[in-house]
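Asks: So I've got this file, model.txt, and it contains compact mmCIF, C-alpha atoms:
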```
# COMPACT_ATOMS: atom_id res chain seq x y z
CA MET G 1 96.55 -82.03 -14.63
CA GLY G 2 98.46 -84.51 -16.72
CA ARG G 3 98.40 -85.82 -20.25
CA VAL G 4 95.08 -86.91 -21.72
CA THR G 5 94.66 -89.54 -24.42
CA ALA G 6 93.01 -89.63 -27.81
CA SER G 7 89.72 -90.60 -26.19
CA ALA G 8 89.84 -87.39 -24.16
CA SER G 9 91.92 -84.88 -26.10
CA ALA G 10 93.36 -81.68 -24.64
CA SER G 11 90.80 -79.67 -26.60
CA ALA G 12 88.05 -81.58 -24.78
CA ASP G 13 89.68 -80.84 -21.40
CA PRO G 14 88.42 -83.61 -19.09
CA TRP G 15 89.48 -81.47 -16.11
CA HIS G 16 87.00 -78.74 -17.04
CA HIS G 17 84.55 -79.60 -14.25
CA TYR G 18 87.08 -80.51 -11.56
CA GLY G 19 87.28 -78.21 -8.54
CA HIS G 20 84.74 -75.61 -9.70
CA THR G 21 82.69 -75.73 -6.50
CA ARG G 22 85.71 -75.20 -4.30
CA HIS G 23 86.92 -72.44 -6.61
CA THR G 24 83.81 -70.40 -5.83
CA THR G 25 83.81 -71.06 -2.08
CA ASP G 26 87.49 -71.22 -1.07
CA ARG G 27 89.90 -68.65 -2.45
CA THR G 28 92.44 -68.82 0.34
CA VAL G 29 96.06 -69.92 0.28
CA PRO G 30 96.02 -73.22 2.21
CA ASP G 31 97.80 -73.29 5.56
CA THR G 32 99.31 -76.65 4.59
CA PHE G 33 98.66 -79.69 2.45
CA ARG G 34 98.76 -83.43 2.95
CA TRP G 35 100.04 -86.11 0.65
CA SER G 36 97.33 -88.64 1.46
CA TRP G 37 94.34 -89.21 -0.82
CA GLY G 38 91.91 -87.95 1.81
CA GLN G 39 94.08 -84.93 2.66
CA ASP G 40 93.35 -85.74 6.30
CA CYS G 41 96.39 -87.61 7.60
CA GLY G 42 100.05 -88.27 7.04
CA PRO G 43 102.98 -85.92 6.51
CA GLY G 44 102.81 -82.41 5.12
CA PRO G 45 105.07 -80.40 2.82
CA ASP G 46 107.97 -80.42 5.28
CA ILE G 47 109.15 -83.72 3.78
CA LEU G 48 110.29 -81.68 0.76
CA GLY G 49 113.05 -80.27 2.96
CA ASP G 50 114.17 -76.69 3.34
CA LEU G 51 112.92 -74.88 0.24
CA SER G 52 114.48 -71.51 1.02
CA GLY G 53 115.97 -70.13 -2.17
CA ARG G 54 115.12 -73.30 -4.10
CA TYR G 55 113.52 -73.73 -7.50
CA VAL G 56 110.49 -75.99 -7.26
CA ALA G 57 107.88 -77.31 -9.70
CA ASP G 58 104.48 -78.89 -9.11
CA LEU G 59 103.74 -81.33 -11.95
CA GLY G 60 100.01 -81.49 -12.57
CA ALA G 61 99.27 -78.63 -10.20
CA GLY G 62 95.56 -78.27 -10.89
CA ALA G 63 94.34 -75.05 -9.27
CA ALA G 64 97.84 -74.65 -7.74
CA ARG G 65 96.74 -74.71 -4.11
CA GLU G 66 99.77 -76.70 -2.96
CA ALA G 67 102.10 -74.53 -5.02
CA ALA G 68 100.54 -71.38 -3.55
CA HIS G 69 101.11 -72.75 -0.05
CA LEU G 70 104.79 -73.34 -0.75
CA ALA G 71 105.23 -69.92 -2.35
CA VAL G 72 103.73 -68.13 0.66
CA HIS G 73 104.97 -70.23 3.57
CA HIS G 74 108.30 -71.82 2.55
CA ARG G 75 110.38 -69.01 0.99
CA PRO G 76 111.41 -70.68 -2.28
CA ALA G 77 113.12 -68.69 -5.01
CA ARG G 78 110.26 -69.75 -7.26
CA VAL G 79 107.51 -72.35 -7.49
CA VAL G 80 106.32 -73.25 -10.98
CA ALA G 81 102.83 -74.77 -11.14
CA VAL G 82 102.57 -76.81 -14.35
CA ASP G 83 99.26 -78.07 -15.70
CA ALA G 84 98.05 -78.95 -19.19
CA SER G 85 94.36 -78.25 -18.55
CA PRO G 86 93.07 -74.88 -19.80
CA ALA G 87 90.36 -74.88 -17.12
CA GLN G 88 92.71 -75.69 -14.26
CA HIS G 89 95.25 -73.13 -15.45
CA ALA G 90 92.50 -70.48 -15.62
CA MET G 91 91.38 -71.28 -12.08
CA ALA G 92 94.94 -71.14 -10.79
CA THR G 93 95.47 -67.79 -12.48
CA ASP G 94 92.27 -66.40 -10.99
CA LEU G 95 93.08 -67.67 -7.49
CA TYR G 96 96.82 -67.10 -7.24
CA GLY G 97 98.04 -65.02 -10.14
CA HIS G 98 98.74 -62.23 -7.65
CA LEU G 99 101.51 -64.33 -6.09
CA ALA G 100 103.81 -63.78 -9.07
CA PRO G 101 106.75 -63.77 -9.50
CA ARG G 102 107.40 -66.21 -6.64
CA LEU G 103 104.61 -68.41 -8.03
CA ARG G 104 104.67 -68.94 -11.79
CA LEU G 105 101.67 -70.58 -13.44
CA VAL G 106 102.50 -72.51 -16.61
CA ARG G 107 100.03 -74.20 -18.94
CA SER G 108 102.01 -77.07 -20.42
CA ASP G 109 102.21 -80.80 -20.73
CA ALA G 110 104.38 -81.97 -17.85
CA VAL G 111 106.77 -84.01 -20.00
CA GLU G 112 107.29 -81.15 -22.44
CA HIS G 113 107.96 -78.74 -19.59
CA VAL G 114 110.58 -80.82 -17.80
CA ARG G 115 112.27 -81.86 -21.04
CA ALA G 116 112.82 -78.19 -21.81
CA ALA G 117 114.05 -77.44 -18.27
CA ARG G 118 117.20 -79.54 -18.07
CA GLY G 119 119.08 -78.95 -14.81
CA THR G 120 116.65 -76.23 -13.68
CA TYR G 121 114.96 -77.50 -10.53
CA ASP G 122 115.98 -78.44 -7.01
CA VAL G 123 112.66 -80.12 -6.18
CA LEU G 124 109.87 -81.62 -8.28
CA TYR G 125 106.68 -82.92 -6.73
CA SER G 126 103.22 -84.20 -7.63
CA VAL G 127 100.17 -84.70 -5.40
CA PHE G 128 98.05 -87.15 -7.41
CA GLY G 129 99.01 -85.02 -10.39
CA ALA G 130 100.91 -85.57 -13.61
CA VAL G 131 102.72 -88.65 -12.31
CA ASP G 132 99.33 -90.40 -12.12
CA PHE G 133 98.17 -89.36 -15.57
CA THR G 134 101.33 -89.53 -17.70
CA ASP G 135 103.20 -92.57 -18.94
CA PRO G 136 105.97 -92.87 -16.30
CA ARG G 137 108.38 -94.23 -18.91
CA HIS G 138 108.29 -90.75 -20.45
CA LEU G 139 107.82 -88.53 -17.41
CA LEU G 140 110.30 -89.95 -14.91
CA PRO G 141 113.43 -89.78 -17.12
CA ALA G 142 112.46 -86.26 -18.17
CA ALA G 143 111.96 -85.28 -14.53
CA ALA G 144 115.41 -86.65 -13.66
CA SER G 145 117.00 -84.52 -16.36
CA ALA G 146 115.19 -81.40 -15.10
CA LEU G 147 116.64 -81.76 -11.61
CA ARG G 148 119.97 -80.32 -10.57
CA ARG G 149 122.55 -82.63 -9.02
CA GLY G 150 121.21 -83.60 -5.61
CA GLY G 151 117.67 -82.65 -6.64
CA ARG G 152 114.66 -84.55 -5.40
CA LEU G 153 111.36 -85.89 -6.74
CA VAL G 154 108.48 -86.54 -4.33
CA PHE G 155 105.02 -87.72 -5.34
CA SER G 156 101.91 -89.30 -3.95
CA THR G 157 99.86 -91.77 -5.97
CA LEU G 158 97.10 -94.30 -5.38
CA ALA G 159 98.21 -97.57 -3.79
CA HIS G 160 95.21 -99.30 -5.38
CA HIS G 161 92.29 -98.37 -7.58
CA LEU G 162 89.49 -96.35 -6.01
CA GLY G 163 87.08 -99.24 -6.49
CA GLY G 164 89.41 -101.48 -4.48
CA ALA G 165 91.05 -103.36 -7.35
CA PRO G 166 94.77 -103.97 -6.79
CA ALA G 167 97.47 -101.87 -8.40
CA GLN G 168 99.02 -103.10 -11.64
CA PRO G 169 102.04 -105.44 -11.41
CA ASP G 170 103.48 -103.96 -14.62
CA VAL G 171 103.49 -100.63 -16.46
CA LYS G 172 99.89 -100.65 -17.61
CA HIS G 173 97.35 -97.85 -17.45
CA ALA G 174 93.65 -97.99 -16.65
CA ASP G 175 91.02 -96.07 -18.60
CA ILE G 176 88.98 -94.06 -16.13
CA PRO G 177 85.68 -92.33 -16.92
CA VAL G 178 85.59 -88.54 -17.25
CA LYS G 179 83.31 -86.00 -18.89
CA THR G 180 84.05 -83.42 -21.54
CA PRO G 181 83.10 -79.76 -20.96
CA ASP G 182 79.81 -80.55 -22.75
CA GLY G 183 79.10 -83.41 -20.36
CA GLU G 184 79.82 -86.17 -22.87
CA PRO G 185 81.42 -89.36 -21.49
CA ALA G 186 85.10 -89.94 -22.24
CA THR G 187 88.04 -91.77 -20.72
CA MET G 188 91.48 -90.78 -19.50
CA ARG G 189 94.53 -92.85 -18.68
CA ARG G 190 95.68 -93.30 -15.11
CA TRP G 191 98.69 -95.30 -13.92
CA VAL G 192 98.00 -97.14 -10.63
CA LEU G 193 101.08 -99.28 -10.10
CA GLN G 194 102.50 -101.52 -7.41
CA GLU G 195 105.26 -100.18 -5.18
CA GLU G 196 107.85 -102.44 -6.80
CA VAL G 197 106.95 -101.15 -10.27
CA TRP G 198 107.37 -97.51 -9.24
CA THR G 199 110.69 -98.32 -7.60
CA ARG G 200 111.98 -100.06 -10.73
CA LEU G 201 110.85 -97.21 -12.98
CA LEU G 202 112.56 -94.62 -10.79
CA ASP G 203 115.76 -96.66 -10.77
CA GLU G 204 115.68 -97.03 -14.56
CA ALA G 205 115.16 -93.26 -14.90
CA GLY G 206 118.39 -92.62 -12.99
CA PHE G 207 117.05 -91.88 -9.51
CA THR G 208 118.77 -93.07 -6.35
CA ARG G 209 117.91 -93.30 -2.62
CA ILE G 210 114.37 -94.32 -3.47
CA SER G 211 111.97 -94.62 -0.54
CA VAL G 212 108.30 -95.58 -0.34
CA ASP G 213 105.81 -95.02 2.46
CA LEU G 214 102.27 -96.36 2.63
CA LEU G 215 99.77 -93.86 4.02
CA PRO G 216 96.64 -95.73 5.18
CA ALA G 217 93.22 -94.66 3.99
CA GLY G 218 91.02 -92.46 6.12
CA GLN G 219 87.26 -92.83 6.38
CA GLY G 220 84.64 -92.55 3.66
CA PRO G 221 83.24 -94.47 0.68
CA ARG G 222 86.07 -93.42 -1.66
CA ALA G 223 88.90 -93.77 0.85
CA ALA G 224 92.13 -95.15 -0.56
CA ASP G 225 95.63 -95.96 0.59
CA THR G 226 98.39 -93.72 -0.72
CA LEU G 227 101.93 -94.46 -1.82
CA LEU G 228 104.34 -91.63 -1.05
CA LEU G 229 107.57 -91.95 -3.02
CA SER G 230 110.77 -89.95 -2.75
CA ALA G 231 113.89 -90.22 -4.90
CA TRP G 232 117.04 -88.25 -5.62
CA ARG G 233 118.60 -87.49 -8.97
CA GLY G 234 121.64 -89.54 -9.79
CA PRO G 235 124.40 -88.50 -12.22
CA LEU G 236 123.21 -87.39 -15.64
CA SER G 237 123.98 -89.83 -18.43
```
The structure in this file should be written as structure tokens.

Replies:
Amino acid sequence: MGRVTASASASADPWHHYGHTRHTTDRTVPDTFRWSWGQDCGPGPDILGDLSGRYVADLGAGAAREAAHLAVHHRPARVVAVDASPAQHAMATDLYGHLAPRLRLVRSDAVEHVRAARGTYDVLYSVFGAVDFTDPRHLLPAAASALRRGGRLVFSTLAHHLGGAPAQPDVKHADIPVKTPDGEPATMRRWVLQEEVWTRLLDEAGFTRISVDLLPAGQGPRAADTLLLSAWRGPLS
């Protein structure tokens, strides 16, 4: 979904195993999606605003379920689902390739994509996607440059680590365990940052009107609180 590190290179694809069971049992376009970690509470896609005729990108789209929902139910000009994982891109193509051209599926590193798309998008969003797994000092400025004047970035991210450890008070990643396609152990970087850190990074990237909402955890052993952040693109430098 996002950028992997040397300990889990793109060729190893740590997302190879993710979502395979659901891929075989659920091939529908979702009726909606939720921003919370448990996908069981909190606001839905309406917080993105009126998407009619807009150009939208999902950064770290995975199997593109959220992007497919927007393409079918919200009348955008186009939704671009961006993901670096070969396995996730293949699943998205199998599930929703028929929704082209309104839904475009792009296999690319998120930073590379938005850097090459200066002034292209009205809305960028991420649901525990590339924003979690890419150095925000690289991604957020690139995202700002990819937005048109008045464009908006919305993303959900963990408010704390899944094991309960607090979020980082500075821009520091955690190495989380994953498996390669062959089942070998590897690690991947994930940024779980405090609200104040995200706000500062967005401000430094040129975003304005930054807001943060805390979505409380639902039930279950891996329940987690969610931070939902929204920001608007300021003037280009």

Asks: Mind checking which residues fall within 12 Å of Glu204 of chain G, counting all atoms listed in the file, ignoring those fewer than 2 positions away in the same chain, and posting them as a list in words?

Replies: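 Result of the neighbour search: Pro136, Arg137, His138, Leu139, Leu140, Pro141, Ala142, Ala144, Val197, Trp198, Thr199, Arg200, Leu201, Leu202, Gly206, Phe207, Thr208, Ile210, Ala231, Arg233, Gly234 and Ser237 of chain G.
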
Asks: Calculate, to one decimal in Å, the centre and edge lengths of the box along x, y and z of the file that holds all listed atoms of segment 179-193 of chain G with 5 Å of margin on each side, and present them as lines of an AutoDock Vina configuration file.

Replies:
```
center_x = 90.1
center_y = -89.5
center_z = -16.5
size_x = 32.0
size_y = 29.5
size_z = 22.8
```

Asks: Under the rule that only C-alpha atoms are counted, which of G:Leu48, G:Asp13, G:Leu214, G:Ala84 is the nearest residue to Glu184 of chain G?

Replies: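 Residue with the minimum atom-to-atom distance to Glu184 of chain G: G:Asp13.
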
Asks: Give the answer as one residue: which of G:Asp50, G:Arg102, G:Ser36, G:Pro43 has the shortest atom-to-atom distance to Ala67 of chain G, using only C-alpha atoms?

Replies: G:Arg102

Asks: Nearest residue to Ala57 of chain G out of G:Thr32, G:Ser126, G:Thr25, G:Gln39, using only C-alpha atoms?

Replies: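 Of G:Thr32, G:Ser126, G:Thr25, G:Gln39, the one nearest Ala57 of chain G, counting only C-alpha atoms, is G:Ser126.
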
Asks: I need the residue nearest Arg190 of chain G from this list: G:Thr157, G:Ser52, G:Thr93, G:Ser145. Use only C-alpha atoms for the distance.

Replies: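 For Arg190 of chain G, the nearest of the given residues is G:Thr157.
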
Asks: Can you pull out the residues contacting Gly44 of chain G? Cut-off 12 Å, using all atoms listed in the file, and skip same-chain residues under 4 positions away; I want them as a PDB file with C-alpha atoms, in the frame of the given file.

Replies:
```pdb
ATOM      1  CA  PRO G  30      96.020 -73.220   2.210  1.00  0.00           C
ATOM      2  CA  ASP G  31      97.800 -73.290   5.560  1.00  0.00           C
ATOM      3  CA  THR G  32      99.310 -76.650   4.590  1.00  0.00           C
ATOM      4  CA  PHE G  33      98.660 -79.690   2.450  1.00  0.00           C
ATOM      5  CA  ARG G  34      98.760 -83.430   2.950  1.00  0.00           C
ATOM      6  CA  TRP G  35     100.040 -86.110   0.650  1.00  0.00           C
ATOM      7  CA  SER G  36      97.330 -88.640   1.460  1.00  0.00           C
ATOM      8  CA  GLN G  39      94.080 -84.930   2.660  1.00  0.00           C
ATOM      9  CA  ASP G  40      93.350 -85.740   6.300  1.00  0.00           C
ATOM     10  CA  LEU G  48     110.290 -81.680   0.760  1.00  0.00           C
ATOM     11  CA  GLY G  49     113.050 -80.270   2.960  1.00  0.00           C
ATOM     12  CA  GLU G  66      99.770 -76.700  -2.960  1.00  0.00           C
ATOM     13  CA  HIS G  69     101.110 -72.750  -0.050  1.00  0.00           C
ATOM     14  CA  LEU G  70     104.790 -73.340  -0.750  1.00  0.00           C
ATOM     15  CA  VAL G 127     100.170 -84.700  -5.400  1.00  0.00           C
ATOM     16  CA  VAL G 154     108.480 -86.540  -4.330  1.00  0.00           C
ATOM     17  CA  PHE G 155     105.020 -87.720  -5.340  1.00  0.00           C
ATOM     18  CA  SER G 156     101.910 -89.300  -3.950  1.00  0.00           C
ATOM     19  CA  LEU G 215      99.770 -93.860   4.020  1.00  0.00           C
ATOM     20  CA  LEU G 228     104.340 -91.630  -1.050  1.00  0.00           C
TER      21      LEU G 228
END
```

Asks: Between G:Gly62, G:Ala71, G:Ala224, G:Leu51, which has the minimum distance to Gly164 of chain G (counting only C-alpha atoms)?

Replies: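 Under the stated criterion, the closest residue is G:Ala224.
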
Asks: Could you check which of G:Met188, G:Ala100, G:Val79, G:Ala146 is closest to Trp15 of chain G, using all atoms listed in the file?

Replies: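 Counting all atoms listed in the file, the residue closest to Trp15 of chain G is G:Met188.
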
Asks: Excluding same-chain residues fewer than 5 positions from Pro169 of chain G, what lies within 9 Å of it counting only C-alpha atoms, as a PDB file with C-alpha atoms, in the frame of the given file?

Replies:
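Saved to selection24.pdb:
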```
ATOM      1  CA  LEU G 193     101.080 -99.280 -10.100  1.00  0.00           C
ATOM      2  CA  GLN G 194     102.500-101.520  -7.410  1.00  0.00           C
ATOM      3  CA  GLU G 195     105.260-100.180  -5.180  1.00  0.00           C
ATOM      4  CA  GLU G 196     107.850-102.440  -6.800  1.00  0.00           C
ATOM      5  CA  VAL G 197     106.950-101.150 -10.270  1.00  0.00           C
TER       6      VAL G 197
END
```

Asks: Pick out the residues sitting within 8 Å of Leu124 of chain G, and hand them over as a compact mmCIF listing (two decimals) with C-alpha atoms, in the frame of the given file; count all atoms listed in the file, and ignore anything fewer than 6 positions along from it in its own chain.

Replies:
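That gives us selection-v7.txt:
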```
# COMPACT_ATOMS: atom_id res chain seq x y z
CA VAL G 56 110.49 -75.99 -7.26
CA ALA G 57 107.88 -77.31 -9.70
CA ASP G 58 104.48 -78.89 -9.11
CA LEU G 59 103.74 -81.33 -11.95
CA ALA G 143 111.96 -85.28 -14.53
CA LEU G 147 116.64 -81.76 -11.61
CA ARG G 152 114.66 -84.55 -5.40
CA LEU G 153 111.36 -85.89 -6.74
CA VAL G 154 108.48 -86.54 -4.33
```

Asks: How far is it from atom CA of Thr120 of chain G to atom CA of Leu105 of chain G, in Å with one decimal?

Replies: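 Value for the atom CA of Thr120 of chain G-atom CA of Leu105 of chain G distance: 16.0 Å.
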